[in-house]
Amino acid sequence: ALRAIYDELGRGFRAAAADLMRRAGSPDPARHGPLLVAFVEGLLFDAVAGAGPEPDTAGLRAAVAAYLDGVLPQDTIPAGPGAALQGARQNG
């Protein structure tokens, strides 16, 4: 029964992430959105499980910015860490 609940919640997160990536200029938001969720889930697991160093805001922003730099076309990435997400938030 929990699996059905988690699956539904996961679909919602992945759909929202795909929409965010679309608004940020991703050429493949259906693929990049779910990968963003998986990436962030990995960061969270690393932080919670204690496998890596204790995260700080600057480190988390830099990690997400590096992901976005890797998947978004360079001409759509606003300057500064987190700017792509901020731009997507303002545009939609």
# chains A, B, ... in the order shown; residues from 1 in each chain; ligands from 1

$ select_by_dssp --residues "chain A" --states "alpha helix (DSSP H)" --output "PyMOL selection string"
chain A and resi 2-24+29-49+57-71+83-91

$ residues_around --residues "stretch 29-35 of chain A" --least-positions-apart "4" --cutoff "8 Å" --atoms "only C-alpha atoms" --output "list in words"
Arg14, Ala15, Ala16, Ala17, Ala18, Asp19, Leu20, Met21, Arg22, Phe39 and Val71 of chain A

$ write_last_selection --atoms "N, CA and C atoms" --output "compact mmCIF listing (two decimals), in the first residue's frame"
# COMPACT_ATOMS: atom_id res chain seq x y z
N ARG A 14 8.51 14.25 -10.14
CA ARG A 14 9.17 14.17 -11.45
C ARG A 14 8.47 15.05 -12.47
N ALA A 15 7.14 15.13 -12.43
CA ALA A 15 6.41 16.00 -13.35
C ALA A 15 6.74 17.46 -13.09
N ALA A 16 6.79 17.84 -11.81
CA ALA A 16 7.14 19.23 -11.47
C ALA A 16 8.57 19.54 -11.88
N ALA A 17 9.48 18.60 -11.69
CA ALA A 17 10.87 18.82 -12.09
C ALA A 17 11.00 18.92 -13.61
N ALA A 18 10.25 18.10 -14.34
CA ALA A 18 10.28 18.19 -15.81
C ALA A 18 9.76 19.54 -16.27
N ASP A 19 8.71 20.04 -15.62
CA ASP A 19 8.19 21.35 -15.97
C ASP A 19 9.21 22.44 -15.64
N LEU A 20 9.85 22.34 -14.51
CA LEU A 20 10.89 23.29 -14.13
C LEU A 20 12.02 23.29 -15.15
N MET A 21 12.46 22.10 -15.56
CA MET A 21 13.54 22.01 -16.54
C MET A 21 13.10 22.55 -17.90
N ARG A 22 11.85 22.33 -18.26
CA ARG A 22 11.33 22.88 -19.53
C ARG A 22 11.41 24.40 -19.49
N PHE A 39 19.14 13.12 -8.79
CA PHE A 39 20.35 13.79 -8.34
C PHE A 39 20.15 14.38 -6.95
N VAL A 71 23.34 19.97 -18.23
CA VAL A 71 22.18 19.55 -19.03
C VAL A 71 21.50 20.67 -19.80

$ residues_around --residues "A:Asp56" --least-positions-apart "5" --cutoff "12 Å" --atoms "only C-alpha atoms" --output "list of chain:residue names"
A:Leu43, A:Leu44, A:Ala47, A:Arg61, A:Ala62, A:Ala63

$ atom_distance --atom1 "atom CA of A:Phe13" --atom2 "atom CA of A:Val37"
7.2 Å

$ atom_distance --atom1 "atom CA of A:Ala49" --atom2 "atom CA of A:Leu68"
24.5 Å
